[in-house]
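Novice: Pasting a structure here, questions to come.
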Amino acid sequence: MNVDLSTFVPSSKRGLGVALVALAAMLVVPFVTTSYETGLAMTALVYLILALSWNLLAGYAGQVSLGHAAFFGLGAYVAAWVTTPGAAGFPQLPGVLAHPIVAMVLGGIGPALLALVIGPVMFRLRGHYFSIGTLALAAIIRLILTNQRSISGGSTGYYLNGGMGEVPTYLLTVVVAGIVAVATYGIVNSRLGLGMQAIHDDETAASGLGVSPLRYKMYAFVISSFFAGIAGALYALNSLYINPTSTLEVTWTVDTLVVVILGGMSTFPGPFLGTVVFMFLDNALTSIVGSLATTVEGVLIILFVIFLPTGLYGYLKRYVSQMRSDDANPPAEG
Amino acid sequence: MPSIDLIAQTAANGVLLGGIYALAALGLSLVFGIMDVVNLAHGHLLMIGGYVAIILLAMLGLSPLVGMLVAIVVLFVLGIVLERLLLDQVVDVGVEQPILVLFGVALVLQNLGQFFLGSDAQSTELGFNLPSLAFGPIQLSSSRTVTFVLAVVLVALTWLFMERTSTGHAIRATAQNRDAARYVGIDTDRIYMITMGIGSALAGAAGALLSMLFPIDPYVGWSYLLTTFAVVVLGGVGSIGGTLVGGVIIGTAENLTALFVGGSYRDVMTFAIFLVVLLVRPQGLFGTGGGGGE
């Protein structure tokens with residue numbers, strides 16, 4: 001491979017620098033801004049984790065799940081059941097097991113187990129069938145939880161006690177989002193990630209080369225569900241009140257899609273860029289177009305998928321590389 | 001335990017409902033067979049069809065039977081516009097693109113419906129009463145009978161169209177082998193357009209018919225998408241007979257679930273059937289190539 005490494009090293013160093021600065025900035029947010037702004041940053045981090053997890057499954061492994069809300073909502077409910085089992089009639093867990101951090105981890109493990117069990121069935125579905133299958137799965141999980149009022153609180157909802165307080169929860173979320181980001185980066189740049197991209201590009205060819213499509217789809221599905229569940233658990237631990245609508249509604253799936261597609265699907269920086277843009281967009285939309293916000297989001301999904309499939313990140317990258325090549329080859333070559 | 005009479009009555013109503021499901025599912029199956037795209041907005045197009053009938057009745061006092069004809073025309077045009085404007089850009093590009101674009105379309109339709117028509121459920125009425133048919137303890141109400149008969153007639157007309165017209169032959173040829181169809185001079189772009197038009201029109205007709213039986217609100221789209229999709233999976237892609245049988249099975253199963261377990265579990269039953277079929281017989285009861293490929 002004839003690659004000039006020098007073009008990569010500085011840029012990855014720069015990338016690391018940007019990441020560390022961003023992490024530090026996120027960590028000081030609660031100490032220098034208002035509680036409202038910290039809340040916005042918290043929401044952004046939840047979206048970021050969701051976006052990273054969906055991008056891994058849909059962007060890299062090519063399995064367009066439309067049921068992400070189910071894993072998010074399930075994670076939220078597991079966290080609620082672990083911290084506050086009494087409200088659902090479950091026995092209290094002993095001592096440290098009911099700690100919010102344990103609840104968060106279990107909030108990831110629950111959905112991951114569901115993915116492990118249901119995955120082999122869902123992956124009998126390919127392409128569009130898989131998308132509709134996941135959409136149906138999410139609808140059913142929502143329906144069941146809404147109807148099982150004794151464990152979900154139904155429309156009255158579920159109050160969690162034993163939160164850690166606003167600032168510690170926020171800081172935990174920053175750290176977890178950082179870990180998820182690093183883990184995702186590690187995955188997409190490893191054999192695992194290459195396997196996922198191989199089945200995305202051409203399943204038949206990949207399996208001919210010994211990459212088992214089912215195995216790599218399952219890796220992506222389980223890991224993605226684990227992260228989505230963690231995001232849900234953090235959401236629940238922060239808001240301390242959840243109900244089936246607030247956690248399992250298809251809106252979570254839609255917002256995640258918008259974040260990833262705006263930022264750049266199948267790219268690592270896409271979800272970060274998308275989250276920042278979406279936070280501004282979301283506020284602007286509700287104040288300008290009000291109840292038509294979903295229409296604008298739908299139109300954005302359509303327009304980006306058709307005209308800017310690599311999202312804003314892809315656009316910026318092309319723009320920058322164009323600038324660079326213009327610098328390198330002055331106008332004579334155009 | 002409900003009485004035998006009630007069970008028979010519920011099952012009979014389910015069979016009649018299944019006819020309408022089959023009509024909607026035929027549209028979904030047709031588009032999938034030709035374009036390899038599962039129309040995620042199919043349930044929302046059905047919802048629009050229902051609203052066409054509702055608005056015509058409320059504003060002009062037109063019977064929902066006329067509303068159904070108007071819905072067919074409106075949805076045929078809407079389908080063609082969607083195909084030209086959006087799907088044409090993404091079909092054959094990749095798998096994700098059409099899924100995401102159609103998901104976006106569904107979101108837009110739902111939100112616009114909510115914005116312009118409100119979230120309240122509305123319905124239509126047949127407006128005249130034929131004597132209801134009685135078979136022993138089973139009474140078939142005129143609205144259920146009329147909607148069932150119309151649905152079956154529309155399914156039959158679609159079948160005739162596919163079997164007897166040259167456009168129908170061209171559509172079937174495209175479904176069998178797109179490239180070969182191109183080689184023999186079939187304008188597959190035009191076929192895509194017509195197919196999407198017909199697929200949407202069938203959804204619209206089903207929506208108008210359903211508005212006579214159940215209230216329609218802007219959120220029914222997803223639920224009807226799942227139901228019609230389950231019918232397609234059950235019946236097998238590309239089999240009109242299979243679609244009818246699938247519709248009847250799903251309609252009956254949903255109604256009996258509502259009776260025995262509770263109305264809110266209808267979709268759970270549909271989903272359970274869907275999963276079992278995929279596990280046991282992924283090509284469907286009568287189909288040749290379900291399970292997401294050819």
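Labeling convention for the structure tokens: chains A, B, ... as they appear, residues from 1 per chain, ligands from 1 in order of appearance.
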Excluding same-chain residues fewer than 3 positions from range 2-14 of chain B, what lies within 6 Å of it counting only C-alpha atoms, as number ranges by chain?
Specialist: B: 17-18, 137-138, 251-252, 255
Novice: Kindly export the residues of the current selection with N, CA and C atoms, as an mmCIF file, in the first residue's frame.
Specialist:
```
data_model
loop_
_atom_site.group_PDB
_atom_site.id
_atom_site.type_symbol
_atom_site.label_atom_id
_atom_site.label_comp_id
_atom_site.auth_asym_id
_atom_site.auth_seq_id
_atom_site.Cartn_x
_atom_site.Cartn_y
_atom_site.Cartn_z
ATOM 1 N N LEU B 17 -63.272 -8.322 6.926
ATOM 2 C CA LEU B 17 -62.217 -7.319 7.088
ATOM 3 C C LEU B 17 -60.981 -7.742 6.292
ATOM 4 N N GLY B 18 -60.718 -9.054 6.303
ATOM 5 C CA GLY B 18 -59.546 -9.584 5.609
ATOM 6 C C GLY B 18 -59.545 -9.266 4.126
ATOM 7 N N PRO B 137 -76.656 -17.970 13.202
ATOM 8 C CA PRO B 137 -76.477 -16.939 14.217
ATOM 9 C C PRO B 137 -75.657 -15.754 13.707
ATOM 10 N N ILE B 138 -75.080 -15.880 12.505
ATOM 11 C CA ILE B 138 -74.165 -14.837 12.037
ATOM 12 C C ILE B 138 -74.925 -13.788 11.231
ATOM 13 N N GLY B 251 -57.070 -10.989 9.137
ATOM 14 C CA GLY B 251 -58.294 -10.321 9.596
ATOM 15 C C GLY B 251 -59.005 -11.138 10.670
ATOM 16 N N THR B 252 -59.121 -12.448 10.435
ATOM 17 C CA THR B 252 -59.798 -13.310 11.406
ATOM 18 C C THR B 252 -59.003 -13.399 12.704
ATOM 19 N N ASN B 255 -59.343 -10.215 14.746
ATOM 20 C CA ASN B 255 -60.650 -10.081 15.393
ATOM 21 C C ASN B 255 -60.806 -11.033 16.574
#
```
Novice: When you get a sec, could you note down which chain A residues fall within 6 Å of chain B, using only C-alpha atoms, as a list of chain:residue names?
Specialist: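 That gives A:Leu125, A:Arg126, A:His128, A:Tyr129, A:Ile140, A:Thr295, A:Gly298, A:Ile301, A:Ile302 for chain A.
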Novice: DSSP on the backbone, strand (DSSP E or B) only: what residues of range 66-267 of chain B does that give? Format it as a PDB file with N, CA and C atoms, in the first residue's frame.
Specialist:
```pdb
ATOM      1  N   GLN B 122     -61.830  10.176  12.823  1.00  0.00           N
ATOM      2  CA  GLN B 122     -63.093  10.424  12.109  1.00  0.00           C
ATOM      3  C   GLN B 122     -63.415   9.208  11.260  1.00  0.00           C
ATOM      4  N   LEU B 133     -77.315  -9.678   5.914  1.00  0.00           N
ATOM      5  CA  LEU B 133     -77.402 -11.095   5.582  1.00  0.00           C
ATOM      6  C   LEU B 133     -77.282 -11.917   6.852  1.00  0.00           C
ATOM      7  N   ALA B 134     -78.105 -12.950   6.956  1.00  0.00           N
ATOM      8  CA  ALA B 134     -78.028 -13.788   8.147  1.00  0.00           C
ATOM      9  C   ALA B 134     -77.745 -15.222   7.744  1.00  0.00           C
ATOM     10  N   PHE B 135     -76.728 -15.784   8.380  1.00  0.00           N
ATOM     11  CA  PHE B 135     -76.446 -17.209   8.208  1.00  0.00           C
ATOM     12  C   PHE B 135     -76.505 -17.821   9.589  1.00  0.00           C
ATOM     13  N   ILE B 138     -75.080 -15.880  12.505  1.00  0.00           N
ATOM     14  CA  ILE B 138     -74.165 -14.837  12.037  1.00  0.00           C
ATOM     15  C   ILE B 138     -74.925 -13.788  11.231  1.00  0.00           C
ATOM     16  N   GLN B 139     -74.765 -12.547  11.631  1.00  0.00           N
ATOM     17  CA  GLN B 139     -75.365 -11.439  10.893  1.00  0.00           C
ATOM     18  C   GLN B 139     -74.247 -10.657  10.216  1.00  0.00           C
ATOM     19  N   LEU B 140     -74.331 -10.522   8.892  1.00  0.00           N
ATOM     20  CA  LEU B 140     -73.314  -9.726   8.206  1.00  0.00           C
ATOM     21  C   LEU B 140     -73.904  -8.365   7.893  1.00  0.00           C
ATOM     22  N   ILE B 216     -60.580   6.751  11.406  1.00  0.00           N
ATOM     23  CA  ILE B 216     -59.235   6.978  10.855  1.00  0.00           C
ATOM     24  C   ILE B 216     -58.642   8.185  11.570  1.00  0.00           C
TER      25      ILE B 216
END
```
Novice: Provide the CA of Ala24 in chain A to CA of Ala41 in chain A distance in Å, to one decimal place.
Specialist: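 The value is 13.2 Å.
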Novice: Nearest to Leu150 in chain B: which of B:Ala201, B:Ala41, B:Leu209, B:Ile171 is it, counting only C-alpha atoms?
Specialist: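 Checking each of B:Ala201, B:Ala41, B:Leu209, B:Ile171 against Leu150 in chain B, counting only C-alpha atoms, the winner is B:Leu209.
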Novice: Mind checking DSSP for range 57-291 of chain A and telling me the helix (DSSP H, G or I) residues as a PyMOL selection string?
Specialist: chain A and resi 57-60+68-83+85-88+95-98+100-122+128-147+149-152+154-156+166-188+191-201+203-208+213-239+244-248+250-263+270-288+290-291
Novice: Determine, counting only C-alpha atoms, which protein, DNA and RNA residues have an atom within 8 Å of an atom of Leu234 in chain B; residues of the same chain fewer than 2 positions away are not included. Present the result as a list in words.
Specialist: Ala230, Val231, Val232, Gly236, Gly242, Thr243, Gly246, Phe274, Val277, Gly284 and Leu285 of chain B
Novice: I need the residues from that last selection saved to file as a PDB file, in the first residue's frame (with C-alpha atoms), if you can.
Specialist:
```pdb
ATOM      1  CA  ALA B 230     -47.868  -9.287   7.513  1.00  0.00           C
ATOM      2  CA  VAL B 231     -50.485 -10.204   4.894  1.00  0.00           C
ATOM      3  CA  VAL B 232     -47.877  -9.972   2.137  1.00  0.00           C
ATOM      4  CA  GLY B 236     -46.205 -14.664  -0.406  1.00  0.00           C
ATOM      5  CA  GLY B 242     -52.123 -15.961  -1.482  1.00  0.00           C
ATOM      6  CA  THR B 243     -52.709 -12.325  -0.640  1.00  0.00           C
ATOM      7  CA  GLY B 246     -53.364 -14.062   3.916  1.00  0.00           C
ATOM      8  CA  PHE B 274     -45.515 -12.645  10.973  1.00  0.00           C
ATOM      9  CA  VAL B 277     -44.271 -17.459   9.165  1.00  0.00           C
ATOM     10  CA  GLY B 284     -45.069 -17.375   2.497  1.00  0.00           C
ATOM     11  CA  LEU B 285     -47.934 -19.797   2.096  1.00  0.00           C
TER      12      LEU B 285
END
```
Novice: If we count only C-alpha atoms and set the cut-off at 8 Å, which residues sit around Pro213 in chain A, ignoring sequence neighbours fewer than 3 positions away in its own chain? Please answer as a PyMOL selection string.
Specialist: chain A and resi 199+203+206-207+216-217
Novice: Any chance you could export the current selection's C-alpha atoms as a PDB file, in the first residue's frame?
Specialist:
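Listed below is the output, result_36.pdb:
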```
ATOM      1  CA  ILE A 199     -21.361  -7.420   4.581  1.00  0.00           C
ATOM      2  CA  GLU A 203     -23.090  -9.864   1.498  1.00  0.00           C
ATOM      3  CA  ALA A 206     -18.195 -11.203   1.981  1.00  0.00           C
ATOM      4  CA  SER A 207     -19.511 -14.638   2.846  1.00  0.00           C
ATOM      5  CA  TYR A 216     -21.281  -9.683  11.887  1.00  0.00           C
ATOM      6  CA  LYS A 217     -24.872  -8.492  11.770  1.00  0.00           C
TER       7      LYS A 217
END
```
Novice: Need the shell around range 274-282 of chain A: protein/DNA/RNA residues with any atom at most 7 Å away, counting only C-alpha atoms. Skip same-chain ones fewer than 4 positions apart. Format as number ranges by chain?
Specialist: A: 44, 47-48, 259-260, 262-263, 270, 286
Novice: Deliver the residues from the most recent selection as a file, using N, CA and C atoms, as a PDB file, in the first residue's frame.
Specialist:
```pdb
ATOM      1  N   ALA A  44     -28.172  16.453  24.368  1.00  0.00           N
ATOM      2  CA  ALA A  44     -27.276  16.276  23.219  1.00  0.00           C
ATOM      3  C   ALA A  44     -26.457  14.998  23.375  1.00  0.00           C
ATOM      4  N   TYR A  47     -28.515  11.959  22.603  1.00  0.00           N
ATOM      5  CA  TYR A  47     -28.643  11.825  21.151  1.00  0.00           C
ATOM      6  C   TYR A  47     -27.348  11.318  20.533  1.00  0.00           C
ATOM      7  N   LEU A  48     -26.232  11.806  21.052  1.00  0.00           N
ATOM      8  CA  LEU A  48     -24.941  11.394  20.490  1.00  0.00           C
ATOM      9  C   LEU A  48     -24.747   9.882  20.640  1.00  0.00           C
ATOM     10  N   VAL A 259     -30.296  12.935  13.132  1.00  0.00           N
ATOM     11  CA  VAL A 259     -28.944  13.287  13.581  1.00  0.00           C
ATOM     12  C   VAL A 259     -27.892  12.635  12.679  1.00  0.00           C
ATOM     13  N   VAL A 260     -28.039  11.329  12.471  1.00  0.00           N
ATOM     14  CA  VAL A 260     -27.011  10.605  11.713  1.00  0.00           C
ATOM     15  C   VAL A 260     -27.010  11.031  10.247  1.00  0.00           C
ATOM     16  N   LEU A 262     -28.111  13.850   8.842  1.00  0.00           N
ATOM     17  CA  LEU A 262     -27.603  15.214   8.666  1.00  0.00           C
ATOM     18  C   LEU A 262     -26.092  15.228   8.799  1.00  0.00           C
ATOM     19  N   GLY A 263     -25.583  14.557   9.822  1.00  0.00           N
ATOM     20  CA  GLY A 263     -24.147  14.594  10.087  1.00  0.00           C
ATOM     21  C   GLY A 263     -23.351  13.830   9.039  1.00  0.00           C
ATOM     22  N   GLY A 270     -19.708  11.851  11.614  1.00  0.00           N
ATOM     23  CA  GLY A 270     -21.081  12.232  11.287  1.00  0.00           C
ATOM     24  C   GLY A 270     -21.982  12.443  12.496  1.00  0.00           C
ATOM     25  N   THR A 286     -38.929  24.080  16.497  1.00  0.00           N
ATOM     26  CA  THR A 286     -40.120  24.188  17.334  1.00  0.00           C
ATOM     27  C   THR A 286     -40.562  25.642  17.460  1.00  0.00           C
TER      28      THR A 286
END
```
Novice: Return the single residue from A:Leu303, A:Val289, A:Ala51, A:Ile101 that is closest to Pro269 in chain A, with distances computed using only C-alpha atoms.
Specialist: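 Of the candidates, the smallest distance to Pro269 in chain A is held by A:Ala51.
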Novice: So that I can see what lies close to Ser123 in chain B, please list as a list in words the residues with an atom at most 9 Å from it, counting only C-alpha atoms and leaving out residues fewer than 6 positions away in the same chain.
Specialist: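 Here the answer would be Gly50, Tyr51, Ala53, Ile54, Leu210, Ser211, Met212, Leu213, Phe214, Pro215, Ile216 and Asp217 of chain B.
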Novice: Contacts of Ala231 in chain A at 10 Å or less, counting only C-alpha atoms, minus same-chain residues fewer than 5 places along, as a list in words?
Specialist: Thr43, Leu45, Val46, Tyr47, Leu48, Ile49, Leu50, Ala51, Ser53, Phe71, Phe72, Gly73, Gly75, Ala76, Met104, Gly107, Gly108, Thr173, Val176, Ala177, Ser225, Phe226, Ala236 and Leu237 of chain A
Novice: Can you write out as CSV which residues of range 43-86 of chain B fall within 8 Å of range 183-195 of chain B, alongside each residue's closest atom pair and its distance in Å to one decimal, counting only C-alpha atoms and ordering rows by chain and ascending residue number?
Specialist:
```
residue,atom,partner,partner_atom,distance
B:Gly79,CA,B:Met193,CA,7.7
B:Ile80,CA,B:Met193,CA,5.4
B:Glu83,CA,B:Met193,CA,5.9
B:Arg84,CA,B:Met193,CA,6.9
```
Novice: Quick one: pull the distance between CA of Gly197 in chain B and CA of Val31 in chain B, Å, one decimal.
Specialist: 9.1 Å
